$ cat target-v4.cif   # mmCIF, N, CA, C and O atoms and all ligand atoms
data_protein
#
loop_
_atom_site.label_atom_id
_atom_site.label_comp_id
_atom_site.auth_asym_id
_atom_site.auth_seq_id
_atom_site.Cartn_x
_atom_site.Cartn_y
_atom_site.Cartn_z
N MET A 1 81.38 97.33 51.33
CA MET A 1 80.28 98.13 51.91
C MET A 1 80.19 97.87 53.42
O MET A 1 80.13 98.78 54.22
N LEU A 2 80.24 96.61 53.77
CA LEU A 2 80.15 96.25 55.19
C LEU A 2 81.30 96.87 55.97
O LEU A 2 81.13 97.38 57.07
N LYS A 3 82.47 96.87 55.32
CA LYS A 3 83.66 97.44 55.97
C LYS A 3 83.45 98.91 56.30
O LYS A 3 83.76 99.38 57.38
N ILE A 4 82.92 99.63 55.30
CA ILE A 4 82.71 101.08 55.49
C ILE A 4 81.72 101.30 56.63
O ILE A 4 81.94 102.12 57.51
N CYS A 5 80.64 100.53 56.62
CA CYS A 5 79.63 100.67 57.66
C CYS A 5 80.24 100.48 59.04
O CYS A 5 79.99 101.26 59.96
N SER A 6 81.05 99.45 59.20
CA SER A 6 81.56 99.19 60.54
C SER A 6 82.59 100.25 60.94
O SER A 6 82.71 100.58 62.12
N ALA A 7 83.29 100.80 59.94
CA ALA A 7 84.23 101.88 60.27
C ALA A 7 83.46 103.09 60.78
O ALA A 7 83.82 103.72 61.78
N VAL A 8 82.36 103.41 60.10
CA VAL A 8 81.55 104.56 60.52
C VAL A 8 80.95 104.31 61.89
O VAL A 8 80.99 105.16 62.78
N LEU A 9 80.45 103.11 62.07
CA LEU A 9 79.87 102.75 63.36
C LEU A 9 80.93 102.85 64.47
O LEU A 9 80.67 103.38 65.54
N GLY A 10 82.13 102.34 64.16
CA GLY A 10 83.22 102.40 65.13
C GLY A 10 83.53 103.82 65.54
O GLY A 10 83.67 104.13 66.72
N ALA A 11 83.59 104.70 64.54
CA ALA A 11 83.89 106.10 64.81
C ALA A 11 82.78 106.72 65.65
O ALA A 11 83.02 107.51 66.56
N PHE A 12 81.55 106.32 65.33
CA PHE A 12 80.42 106.86 66.07
C PHE A 12 80.48 106.43 67.55
O PHE A 12 80.34 107.24 68.45
N ILE A 13 80.76 105.16 67.76
CA ILE A 13 80.84 104.66 69.14
C ILE A 13 81.98 105.37 69.88
O ILE A 13 81.81 105.83 71.00
N ALA A 14 83.13 105.47 69.19
CA ALA A 14 84.27 106.12 69.84
C ALA A 14 83.95 107.56 70.21
O ALA A 14 84.25 108.01 71.31
N SER A 15 83.29 108.29 69.30
CA SER A 15 83.06 109.70 69.59
C SER A 15 81.99 109.87 70.65
O SER A 15 82.06 110.78 71.47
N SER A 16 80.99 108.98 70.68
CA SER A 16 79.98 109.15 71.72
C SER A 16 80.55 108.77 73.09
O SER A 16 80.20 109.37 74.10
N ALA A 17 81.45 107.79 73.10
CA ALA A 17 82.08 107.45 74.37
C ALA A 17 82.91 108.62 74.85
O ALA A 17 82.93 108.96 76.02
N PHE A 18 83.58 109.28 73.90
CA PHE A 18 84.45 110.39 74.24
C PHE A 18 83.66 111.56 74.81
O PHE A 18 84.05 112.18 75.78
N SER A 19 82.50 111.84 74.20
CA SER A 19 81.74 113.00 74.64
C SER A 19 81.15 112.79 76.04
O SER A 19 80.76 113.73 76.69
N GLN A 20 81.10 111.54 76.48
CA GLN A 20 80.60 111.29 77.83
C GLN A 20 81.70 111.45 78.88
O GLN A 20 81.43 111.36 80.07
N ASP A 21 82.93 111.63 78.41
CA ASP A 21 84.03 111.75 79.36
C ASP A 21 83.86 112.96 80.25
O ASP A 21 83.63 114.06 79.77
N SER A 22 83.97 112.76 81.54
CA SER A 22 83.95 113.89 82.46
C SER A 22 85.37 114.43 82.54
O SER A 22 86.31 113.75 82.15
N PRO A 23 85.55 115.65 83.06
CA PRO A 23 86.90 116.19 83.21
C PRO A 23 87.79 115.26 84.01
O PRO A 23 88.98 115.14 83.73
N ASP A 24 87.21 114.59 84.99
CA ASP A 24 87.99 113.66 85.80
C ASP A 24 88.56 112.50 84.98
O ASP A 24 89.66 112.06 85.21
N ARG A 25 87.75 112.02 84.05
CA ARG A 25 88.23 110.92 83.20
C ARG A 25 89.37 111.40 82.30
O ARG A 25 90.31 110.67 82.04
N ASP A 26 89.27 112.64 81.83
CA ASP A 26 90.35 113.21 81.03
C ASP A 26 91.62 113.28 81.86
O ASP A 26 92.70 112.95 81.39
N LEU A 27 91.49 113.76 83.09
CA LEU A 27 92.64 113.87 83.98
C LEU A 27 93.23 112.50 84.26
O LEU A 27 94.45 112.34 84.28
N LEU A 28 92.35 111.53 84.45
CA LEU A 28 92.82 110.17 84.72
C LEU A 28 93.66 109.66 83.55
O LEU A 28 94.75 109.11 83.74
N ALA A 29 93.16 109.88 82.34
CA ALA A 29 93.89 109.42 81.15
C ALA A 29 95.23 110.15 81.04
O ALA A 29 96.26 109.54 80.74
N MET A 30 95.20 111.45 81.30
CA MET A 30 96.43 112.23 81.23
C MET A 30 97.43 111.76 82.29
O MET A 30 98.62 111.62 82.03
N GLY A 31 96.90 111.49 83.48
CA GLY A 31 97.76 111.05 84.57
C GLY A 31 98.38 109.70 84.29
O GLY A 31 99.56 109.46 84.56
N LYS A 32 97.60 108.83 83.70
CA LYS A 32 98.07 107.49 83.37
C LYS A 32 99.22 107.57 82.36
O LYS A 32 100.23 106.88 82.48
N ASP A 33 99.02 108.44 81.38
CA ASP A 33 100.06 108.68 80.36
C ASP A 33 101.34 109.19 80.97
O ASP A 33 102.43 108.70 80.69
N LYS A 34 101.19 110.23 81.78
CA LYS A 34 102.34 110.85 82.42
C LYS A 34 103.06 109.85 83.30
O LYS A 34 104.29 109.81 83.37
N TYR A 35 102.26 109.08 84.00
CA TYR A 35 102.84 108.06 84.89
C TYR A 35 103.75 107.12 84.09
O TYR A 35 104.87 106.84 84.50
N SER A 36 103.24 106.65 82.95
CA SER A 36 104.04 105.73 82.14
C SER A 36 105.34 106.36 81.68
O SER A 36 106.37 105.71 81.65
N GLN A 37 105.27 107.64 81.34
CA GLN A 37 106.47 108.32 80.84
C GLN A 37 107.46 108.64 81.95
O GLN A 37 108.66 108.62 81.73
N THR A 38 106.95 108.99 83.13
CA THR A 38 107.80 109.62 84.13
C THR A 38 108.03 108.80 85.39
O THR A 38 109.08 108.88 85.99
N CYS A 39 107.04 108.05 85.80
CA CYS A 39 107.12 107.41 87.12
C CYS A 39 107.26 105.89 87.04
O CYS A 39 107.79 105.27 87.95
N ARG A 40 106.79 105.32 85.97
CA ARG A 40 106.72 103.85 85.88
C ARG A 40 108.09 103.21 86.01
O ARG A 40 108.21 102.12 86.58
N VAL A 41 109.11 103.89 85.50
CA VAL A 41 110.44 103.33 85.53
C VAL A 41 110.84 102.94 86.96
O VAL A 41 111.52 101.93 87.17
N CYS A 42 110.39 103.68 87.95
CA CYS A 42 110.70 103.32 89.34
C CYS A 42 109.52 102.69 90.07
O CYS A 42 109.69 101.75 90.83
N HIS A 43 108.32 103.24 89.85
CA HIS A 43 107.17 102.79 90.65
C HIS A 43 106.44 101.59 90.06
O HIS A 43 105.50 101.08 90.66
N GLY A 44 106.87 101.16 88.86
CA GLY A 44 106.36 99.91 88.32
C GLY A 44 105.12 100.04 87.45
O GLY A 44 104.35 100.99 87.56
N PHE A 45 104.93 99.04 86.62
CA PHE A 45 103.78 98.96 85.73
C PHE A 45 102.51 98.89 86.57
O PHE A 45 102.41 98.10 87.50
N ASN A 46 101.54 99.76 86.27
CA ASN A 46 100.29 99.83 87.04
C ASN A 46 100.52 100.02 88.54
O ASN A 46 99.74 99.55 89.36
N MET A 47 101.64 100.68 88.88
CA MET A 47 101.98 100.99 90.27
C MET A 47 102.32 99.75 91.09
O MET A 47 102.33 99.79 92.32
N VAL A 48 102.57 98.65 90.43
CA VAL A 48 102.99 97.45 91.15
C VAL A 48 104.52 97.45 91.21
O VAL A 48 105.19 97.32 90.19
N THR A 49 105.06 97.64 92.38
CA THR A 49 106.51 97.70 92.52
C THR A 49 107.08 96.29 92.61
O THR A 49 106.37 95.33 92.88
N SER A 50 108.37 96.21 92.42
CA SER A 50 109.00 94.89 92.47
C SER A 50 109.42 94.54 93.88
O SER A 50 110.22 93.64 94.10
N GLY A 51 108.89 95.27 94.86
CA GLY A 51 109.18 94.93 96.25
C GLY A 51 110.51 95.48 96.75
O GLY A 51 111.08 94.99 97.70
N THR A 52 111.01 96.51 96.08
CA THR A 52 112.23 97.16 96.54
C THR A 52 111.84 98.28 97.50
O THR A 52 110.71 98.32 97.99
N ASN A 53 112.75 99.21 97.75
CA ASN A 53 112.41 100.28 98.70
C ASN A 53 111.68 101.44 98.03
O ASN A 53 111.51 102.50 98.62
N VAL A 54 111.23 101.24 96.80
CA VAL A 54 110.40 102.26 96.15
C VAL A 54 109.01 102.21 96.76
O VAL A 54 108.44 101.14 96.94
N PHE A 55 108.51 103.39 97.07
CA PHE A 55 107.18 103.49 97.70
C PHE A 55 106.11 102.82 96.85
O PHE A 55 106.06 102.98 95.64
N ASP A 56 105.23 102.06 97.48
CA ASP A 56 104.09 101.44 96.78
C ASP A 56 102.96 102.47 96.68
O ASP A 56 102.26 102.74 97.67
N LEU A 57 102.80 103.04 95.50
CA LEU A 57 101.85 104.15 95.35
C LEU A 57 100.40 103.73 95.57
O LEU A 57 99.54 104.56 95.84
N ARG A 58 100.12 102.44 95.48
CA ARG A 58 98.75 101.99 95.73
C ARG A 58 98.40 102.14 97.20
O ARG A 58 97.25 102.06 97.59
N LYS A 59 99.44 102.36 98.04
CA LYS A 59 99.18 102.51 99.47
C LYS A 59 99.29 103.96 99.93
O LYS A 59 99.24 104.25 101.12
N PHE A 60 99.46 104.86 98.97
CA PHE A 60 99.58 106.26 99.38
C PHE A 60 98.25 106.74 99.95
O PHE A 60 97.20 106.52 99.36
N PRO A 61 98.27 107.40 101.13
CA PRO A 61 97.00 107.83 101.74
C PRO A 61 96.22 108.80 100.85
O PRO A 61 96.74 109.82 100.42
N LEU A 62 94.96 108.47 100.59
CA LEU A 62 94.16 109.21 99.61
C LEU A 62 93.87 110.66 99.98
O LEU A 62 93.65 111.49 99.13
N GLY A 63 93.86 110.96 101.27
CA GLY A 63 93.54 112.34 101.67
C GLY A 63 94.73 113.29 101.62
O GLY A 63 94.58 114.47 101.92
N GLU A 64 95.91 112.81 101.26
CA GLU A 64 97.10 113.64 101.44
C GLU A 64 97.68 114.19 100.15
O GLU A 64 98.84 113.94 99.82
N TYR A 65 96.86 114.98 99.44
CA TYR A 65 97.35 115.57 98.20
C TYR A 65 98.54 116.50 98.43
O TYR A 65 99.49 116.52 97.64
N ASP A 66 98.50 117.27 99.52
CA ASP A 66 99.59 118.21 99.78
C ASP A 66 100.93 117.48 99.91
O ASP A 66 101.95 117.94 99.38
N ARG A 67 100.89 116.36 100.61
CA ARG A 67 102.11 115.56 100.76
C ARG A 67 102.57 115.02 99.40
O ARG A 67 103.75 115.03 99.06
N PHE A 68 101.61 114.55 98.59
CA PHE A 68 101.91 114.05 97.26
C PHE A 68 102.60 115.14 96.43
O PHE A 68 103.67 114.93 95.85
N PHE A 69 101.97 116.32 96.42
CA PHE A 69 102.49 117.45 95.65
C PHE A 69 103.91 117.80 96.10
O PHE A 69 104.82 117.95 95.29
N GLN A 70 104.05 117.85 97.42
CA GLN A 70 105.35 118.19 98.01
C GLN A 70 106.43 117.18 97.61
O GLN A 70 107.52 117.55 97.17
N SER A 71 106.13 115.88 97.73
CA SER A 71 107.12 114.85 97.43
C SER A 71 107.48 114.84 95.94
O SER A 71 108.64 114.65 95.58
N VAL A 72 106.47 115.07 95.09
CA VAL A 72 106.73 115.05 93.64
C VAL A 72 107.52 116.29 93.21
O VAL A 72 108.43 116.20 92.40
N THR A 73 107.20 117.43 93.79
CA THR A 73 107.91 118.65 93.36
C THR A 73 109.29 118.77 94.01
O THR A 73 110.24 119.23 93.38
N GLU A 74 109.40 118.34 95.27
CA GLU A 74 110.68 118.52 95.97
C GLU A 74 111.56 117.27 95.90
O GLU A 74 112.76 117.33 96.16
N GLY A 75 110.96 116.13 95.60
CA GLY A 75 111.69 114.87 95.65
C GLY A 75 111.71 114.35 97.07
O GLY A 75 111.40 115.07 98.03
N LYS A 76 112.05 113.07 97.21
CA LYS A 76 112.12 112.49 98.54
C LYS A 76 113.06 111.29 98.49
O LYS A 76 112.90 110.42 97.63
N GLY A 77 114.02 111.24 99.42
CA GLY A 77 114.96 110.13 99.44
C GLY A 77 115.64 109.98 98.07
O GLY A 77 116.21 110.92 97.55
N LEU A 78 115.48 108.81 97.48
CA LEU A 78 116.10 108.54 96.18
C LEU A 78 115.28 109.06 95.00
O LEU A 78 115.68 108.95 93.86
N MET A 79 114.11 109.59 95.30
CA MET A 79 113.28 110.12 94.20
C MET A 79 113.68 111.55 93.89
O MET A 79 113.75 112.39 94.78
N PRO A 80 113.94 111.83 92.62
CA PRO A 80 114.34 113.19 92.24
C PRO A 80 113.16 114.16 92.29
O PRO A 80 112.01 113.74 92.36
N SER A 81 113.46 115.44 92.24
CA SER A 81 112.42 116.47 92.15
C SER A 81 111.91 116.57 90.71
O SER A 81 112.69 116.49 89.76
N PHE A 82 110.60 116.73 90.56
CA PHE A 82 110.03 116.87 89.22
C PHE A 82 109.51 118.28 88.97
O PHE A 82 108.74 118.52 88.06
N LYS A 83 109.96 119.20 89.83
CA LYS A 83 109.50 120.59 89.75
C LYS A 83 109.61 121.17 88.34
O LYS A 83 108.71 121.86 87.89
N ASN A 84 110.71 120.89 87.67
CA ASN A 84 110.94 121.51 86.36
C ASN A 84 110.41 120.68 85.20
O ASN A 84 110.52 121.07 84.06
N ASN A 85 109.85 119.52 85.51
CA ASN A 85 109.39 118.64 84.43
C ASN A 85 107.88 118.53 84.34
O ASN A 85 107.37 118.05 83.34
N LEU A 86 107.17 118.91 85.41
CA LEU A 86 105.73 118.71 85.43
C LEU A 86 105.01 120.01 85.77
O LEU A 86 105.45 120.76 86.64
N THR A 87 103.91 120.25 85.09
CA THR A 87 103.08 121.40 85.43
C THR A 87 102.15 121.01 86.59
O THR A 87 101.98 119.83 86.89
N ASP A 88 101.54 122.02 87.22
CA ASP A 88 100.59 121.74 88.30
C ASP A 88 99.46 120.84 87.81
O ASP A 88 99.00 119.95 88.53
N GLU A 89 99.03 121.09 86.57
CA GLU A 89 97.93 120.29 86.04
C GLU A 89 98.36 118.83 85.86
O GLU A 89 97.59 117.91 86.13
N GLN A 90 99.58 118.64 85.41
CA GLN A 90 100.07 117.27 85.23
C GLN A 90 100.19 116.55 86.57
O GLN A 90 99.89 115.36 86.68
N ILE A 91 100.60 117.28 87.60
CA ILE A 91 100.70 116.66 88.93
C ILE A 91 99.31 116.30 89.44
O ILE A 91 99.09 115.24 90.01
N LYS A 92 98.36 117.20 89.18
CA LYS A 92 96.97 116.93 89.55
C LYS A 92 96.47 115.67 88.83
O LYS A 92 95.82 114.81 89.43
N ALA A 93 96.81 115.56 87.55
CA ALA A 93 96.41 114.39 86.77
C ALA A 93 97.05 113.12 87.33
O ALA A 93 96.39 112.08 87.45
N LEU A 94 98.32 113.23 87.72
CA LEU A 94 98.99 112.07 88.33
C LEU A 94 98.30 111.68 89.62
O LEU A 94 98.16 110.49 89.94
N TRP A 95 97.85 112.69 90.35
CA TRP A 95 97.15 112.43 91.61
C TRP A 95 95.85 111.67 91.36
O TRP A 95 95.52 110.71 92.06
N VAL A 96 95.11 112.08 90.33
CA VAL A 96 93.87 111.38 89.99
C VAL A 96 94.19 109.93 89.64
O VAL A 96 93.50 109.00 90.08
N TYR A 97 95.27 109.75 88.91
CA TYR A 97 95.66 108.37 88.55
C TYR A 97 96.07 107.57 89.78
O TYR A 97 95.60 106.43 89.99
N VAL A 98 96.90 108.16 90.63
CA VAL A 98 97.33 107.45 91.84
C VAL A 98 96.12 107.15 92.74
O VAL A 98 95.99 106.06 93.30
N SER A 99 95.20 108.10 92.83
CA SER A 99 94.00 107.91 93.65
C SER A 99 93.11 106.79 93.11
O SER A 99 92.31 106.22 93.84
N SER A 100 93.24 106.52 91.82
CA SER A 100 92.42 105.46 91.22
C SER A 100 92.94 104.08 91.60
O SER A 100 92.31 103.07 91.30
N ARG A 101 94.09 104.04 92.25
CA ARG A 101 94.72 102.77 92.63
C ARG A 101 95.00 101.88 91.42
O ARG A 101 94.97 100.66 91.51
N GLY A 102 95.18 102.54 90.27
CA GLY A 102 95.55 101.80 89.07
C GLY A 102 94.39 101.08 88.39
O GLY A 102 94.60 100.22 87.56
N GLN A 103 93.16 101.48 88.75
CA GLN A 103 91.99 100.83 88.12
C GLN A 103 91.82 101.30 86.69
O GLN A 103 91.97 102.43 86.40
C1 LIG B 201 114.20 107.42 90.15
C2 LIG B 201 113.12 106.62 90.63
C3 LIG B 201 111.79 107.32 90.89
C4 LIG B 201 111.01 107.98 89.97
C5 LIG B 201 111.30 108.24 88.50
C6 LIG B 201 109.82 108.38 90.69
N1 LIG B 201 109.89 107.99 92.01
FE1 LIG B 201 108.50 108.32 93.43
N2 LIG B 201 109.70 107.44 94.82
C7 LIG B 201 110.90 106.84 94.56
C8 LIG B 201 111.46 106.34 95.81
C9 LIG B 201 112.79 105.61 95.97
C10 LIG B 201 110.55 106.68 96.82
C11 LIG B 201 110.68 106.44 98.35
C12 LIG B 201 111.25 107.72 98.93
C13 LIG B 201 111.54 107.63 100.41
O1 LIG B 201 110.56 107.58 101.19
O2 LIG B 201 112.70 107.59 100.76
C14 LIG B 201 109.43 107.36 96.17
C15 LIG B 201 108.33 107.85 96.82
C16 LIG B 201 107.24 108.43 96.22
C17 LIG B 201 106.06 108.90 96.91
C18 LIG B 201 105.80 108.84 98.41
C19 LIG B 201 106.40 110.08 99.03
C20 LIG B 201 105.98 110.25 100.46
O3 LIG B 201 105.47 111.32 100.77
O4 LIG B 201 106.17 109.31 101.26
C21 LIG B 201 105.22 109.41 95.97
C22 LIG B 201 103.85 110.02 96.20
C23 LIG B 201 105.88 109.26 94.69
N3 LIG B 201 107.09 108.67 94.86
C24 LIG B 201 105.34 109.66 93.49
C25 LIG B 201 106.01 109.64 92.27
C26 LIG B 201 105.46 110.14 91.05
C27 LIG B 201 104.07 110.72 90.88
C28 LIG B 201 106.44 109.99 90.10
C29 LIG B 201 106.39 110.42 88.65
C30 LIG B 201 106.21 111.84 88.44
C31 LIG B 201 107.58 109.37 90.74
N4 LIG B 201 107.28 109.17 92.07
C32 LIG B 201 108.76 109.05 90.10
C33 LIG B 201 111.52 106.74 93.33
C34 LIG B 201 111.08 107.32 92.16
#
$ encode --input "target-v4.cif" --output "structure tokens"
Amino acid sequence: MLKICSAVLGAFIASSAFSQDSPDRDLLAMGKDKYSQTCRVCHGFNMVTSGTNVFDLRKFPLGEYDRFFQSVTEGKGLMPSFKNNLTDEQIKALWVYVSSRGQ
């Protein structure tokens, strides 16, 4: 009985937390996911690089979305273009994640 109660309570807490999510939080979660799948291999876990010549995304200037979009879609230096792999919304989500500085 106790088990059932706590399962119900758990579901209740989870769903109420979810309903409080703002669109930005959804984008952040989506961006974090995408980052792990697509960018982490080079830019590092939680955007912490291993100190190679890969750009440290935690230092990317926050006001420069256009530059971010441009670099991600066209590629830059050793970074490939992601034009055919990411939608505009996914890039926006990645931007929200990068802007969060990995928090
Ligand atoms: C194959 C490795 C690799 C992958 C995968 C990769 N990057 Fe990069 N990225 C780099 C390297 C190397 C640079 C430095 C480019 C330079 O300045 O020469 C860079 C630079 C950047 C920059 C800075 C560009 C600028 O304007 O100075 C941004 C922003 C960036 N990456 C975002 C991303 C995002 C978002 C993803 C995932 C969609 C990603 N990268 C995936 C290797 C990678």
$ residues_around --input "target-v4.cif" --residues "stretch 41-48 of chain A" --least-positions-apart "4" --cutoff "9 Å" --atoms "only C-alpha atoms" --output "PDB file with N, CA, C and O atoms, in the coordinates of the input"
ATOM      1  N   LYS A  32      97.600 108.830  83.700  1.00  0.00           N
ATOM      2  CA  LYS A  32      98.070 107.490  83.370  1.00  0.00           C
ATOM      3  C   LYS A  32      99.220 107.570  82.360  1.00  0.00           C
ATOM      4  O   LYS A  32     100.230 106.880  82.480  1.00  0.00           O
ATOM      5  N   TYR A  35     102.260 109.080  84.000  1.00  0.00           N
ATOM      6  CA  TYR A  35     102.840 108.060  84.890  1.00  0.00           C
ATOM      7  C   TYR A  35     103.750 107.120  84.090  1.00  0.00           C
ATOM      8  O   TYR A  35     104.870 106.840  84.500  1.00  0.00           O
ATOM      9  N   SER A  36     103.240 106.650  82.950  1.00  0.00           N
ATOM     10  CA  SER A  36     104.040 105.730  82.140  1.00  0.00           C
ATOM     11  C   SER A  36     105.340 106.360  81.680  1.00  0.00           C
ATOM     12  O   SER A  36     106.370 105.710  81.650  1.00  0.00           O
ATOM     13  N   GLN A  37     105.270 107.640  81.340  1.00  0.00           N
ATOM     14  CA  GLN A  37     106.470 108.320  80.840  1.00  0.00           C
ATOM     15  C   GLN A  37     107.460 108.640  81.950  1.00  0.00           C
ATOM     16  O   GLN A  37     108.660 108.620  81.730  1.00  0.00           O
ATOM     17  N   VAL A  54     111.230 101.240  96.800  1.00  0.00           N
ATOM     18  CA  VAL A  54     110.400 102.260  96.150  1.00  0.00           C
ATOM     19  C   VAL A  54     109.010 102.210  96.760  1.00  0.00           C
ATOM     20  O   VAL A  54     108.440 101.140  96.940  1.00  0.00           O
ATOM     21  N   PHE A  55     108.510 103.390  97.070  1.00  0.00           N
ATOM     22  CA  PHE A  55     107.180 103.490  97.700  1.00  0.00           C
ATOM     23  C   PHE A  55     106.110 102.820  96.850  1.00  0.00           C
ATOM     24  O   PHE A  55     106.060 102.980  95.640  1.00  0.00           O
ATOM     25  N   ASP A  56     105.230 102.060  97.480  1.00  0.00           N
ATOM     26  CA  ASP A  56     104.090 101.440  96.780  1.00  0.00           C
ATOM     27  C   ASP A  56     102.960 102.470  96.680  1.00  0.00           C
ATOM     28  O   ASP A  56     102.260 102.740  97.670  1.00  0.00           O
ATOM     29  N   LEU A  57     102.800 103.040  95.500  1.00  0.00           N
ATOM     30  CA  LEU A  57     101.850 104.150  95.350  1.00  0.00           C
ATOM     31  C   LEU A  57     100.400 103.730  95.570  1.00  0.00           C
ATOM     32  O   LEU A  57      99.540 104.560  95.840  1.00  0.00           O
ATOM     33  N   ARG A  58     100.120 102.440  95.480  1.00  0.00           N
ATOM     34  CA  ARG A  58      98.750 101.990  95.730  1.00  0.00           C
ATOM     35  C   ARG A  58      98.400 102.140  97.200  1.00  0.00           C
ATOM     36  O   ARG A  58      97.250 102.060  97.590  1.00  0.00           O
ATOM     37  N   MET A  79     114.110 109.590  95.300  1.00  0.00           N
ATOM     38  CA  MET A  79     113.280 110.120  94.200  1.00  0.00           C
ATOM     39  C   MET A  79     113.680 111.550  93.890  1.00  0.00           C
ATOM     40  O   MET A  79     113.750 112.390  94.780  1.00  0.00           O
ATOM     41  N   VAL A  98      96.900 108.160  90.630  1.00  0.00           N
ATOM     42  CA  VAL A  98      97.330 107.450  91.840  1.00  0.00           C
ATOM     43  C   VAL A  98      96.120 107.150  92.740  1.00  0.00           C
ATOM     44  O   VAL A  98      95.990 106.060  93.300  1.00  0.00           O
ATOM     45  N   ARG A 101      94.090 104.040  92.250  1.00  0.00           N
ATOM     46  CA  ARG A 101      94.720 102.770  92.630  1.00  0.00           C
ATOM     47  C   ARG A 101      95.000 101.880  91.420  1.00  0.00           C
ATOM     48  O   ARG A 101      94.970 100.660  91.510  1.00  0.00           O
ATOM     49  N   GLY A 102      95.180 102.540  90.270  1.00  0.00           N
ATOM     50  CA  GLY A 102      95.550 101.800  89.070  1.00  0.00           C
ATOM     51  C   GLY A 102      94.390 101.080  88.390  1.00  0.00           C
ATOM     52  O   GLY A 102      94.600 100.220  87.560  1.00  0.00           O
ATOM     53  N   GLN A 103      93.160 101.480  88.750  1.00  0.00           N
ATOM     54  CA  GLN A 103      91.990 100.830  88.120  1.00  0.00           C
ATOM     55  C   GLN A 103      91.820 101.300  86.690  1.00  0.00           C
ATOM     56  O   GLN A 103      91.970 102.430  86.400  1.00  0.00           O
TER      57      GLN A 103
END
$ closest_residue --input "target-v4.cif" --among "A:Gly63, A:Pro23, A:Asp33, A:Ser71" --to "ligand LIG 201 (chain B)" --atoms "all atoms listed in the file"
A:Ser71
$ atom_distance --input "target-v4.cif" --atom1 "atom O of A:Tyr97" --atom2 "atom O of A:Glu74"
21.2 Å
$ atom_distance --input "target-v4.cif" --atom1 "atom N of A:Glu89" --atom2 "atom C24 of ligand LIG 201 (chain B)"
14.8 Å
$ closest_residue --input "target-v4.cif" --among "A:Gly75, A:Lys92, A:Thr38, A:Thr87" --to "ligand LIG 201 (chain B)" --atoms "all atoms listed in the file"
A:Thr38
$ closest_residue --input "target-v4.cif" --among "A:Gln70, A:Ser22, A:Asn84, A:Ser50" --to "ligand LIG 201 (chain B)" --atoms "all atoms listed in the file"
A:Gln70
$ atom_distance --input "target-v4.cif" --atom1 "atom C of A:Thr52" --atom2 "atom C of A:Thr73"
20.9 Å
$ closest_residue --input "target-v4.cif" --among "A:Trp95, A:Phe82, A:Phe60, A:Phe68" --to "A:Leu28" --atoms "only C-alpha atoms"
A:Trp95
$ closest_residue --input "target-v4.cif" --among "A:Tyr65, A:Asp24, A:Leu78, A:Ala29" --to "ligand LIG 201 (chain B)" --atoms "all atoms listed in the file"
A:Leu78
$ closest_residue --input "target-v4.cif" --among "A:Leu27, A:Leu62, A:Cys39, A:Val96" --to "ligand LIG 201 (chain B)" --atoms "all atoms listed in the file"
A:Cys39
$ residues_around --input "target-v4.cif" --residues "A:Val72" --least-positions-apart "5" --cutoff "6 Å" --atoms "only N, CA, C and O atoms" --output "list in words"
Arg67, Pro80, Ser81, Phe82 and Lys83 of chain A
$ select_by_dssp --input "target-v4.cif" --residues "stretch 42-97 of chain A" --states "helix (DSSP H, G or I)" --output "PyMOL selection string"
chain A and resi 42-43+45-47+57-59+65-74+88-97
$ axis_aligned_box --input "target-v4.cif" --around "stretch 80-86 of chain A" --padding-each-side "4 Å" --output "JSON"
{"center_x": 109.7, "center_y": 116.8, "center_z": 88.0, "size_x": 17.3, "size_y": 18.0, "size_z": 17.3}
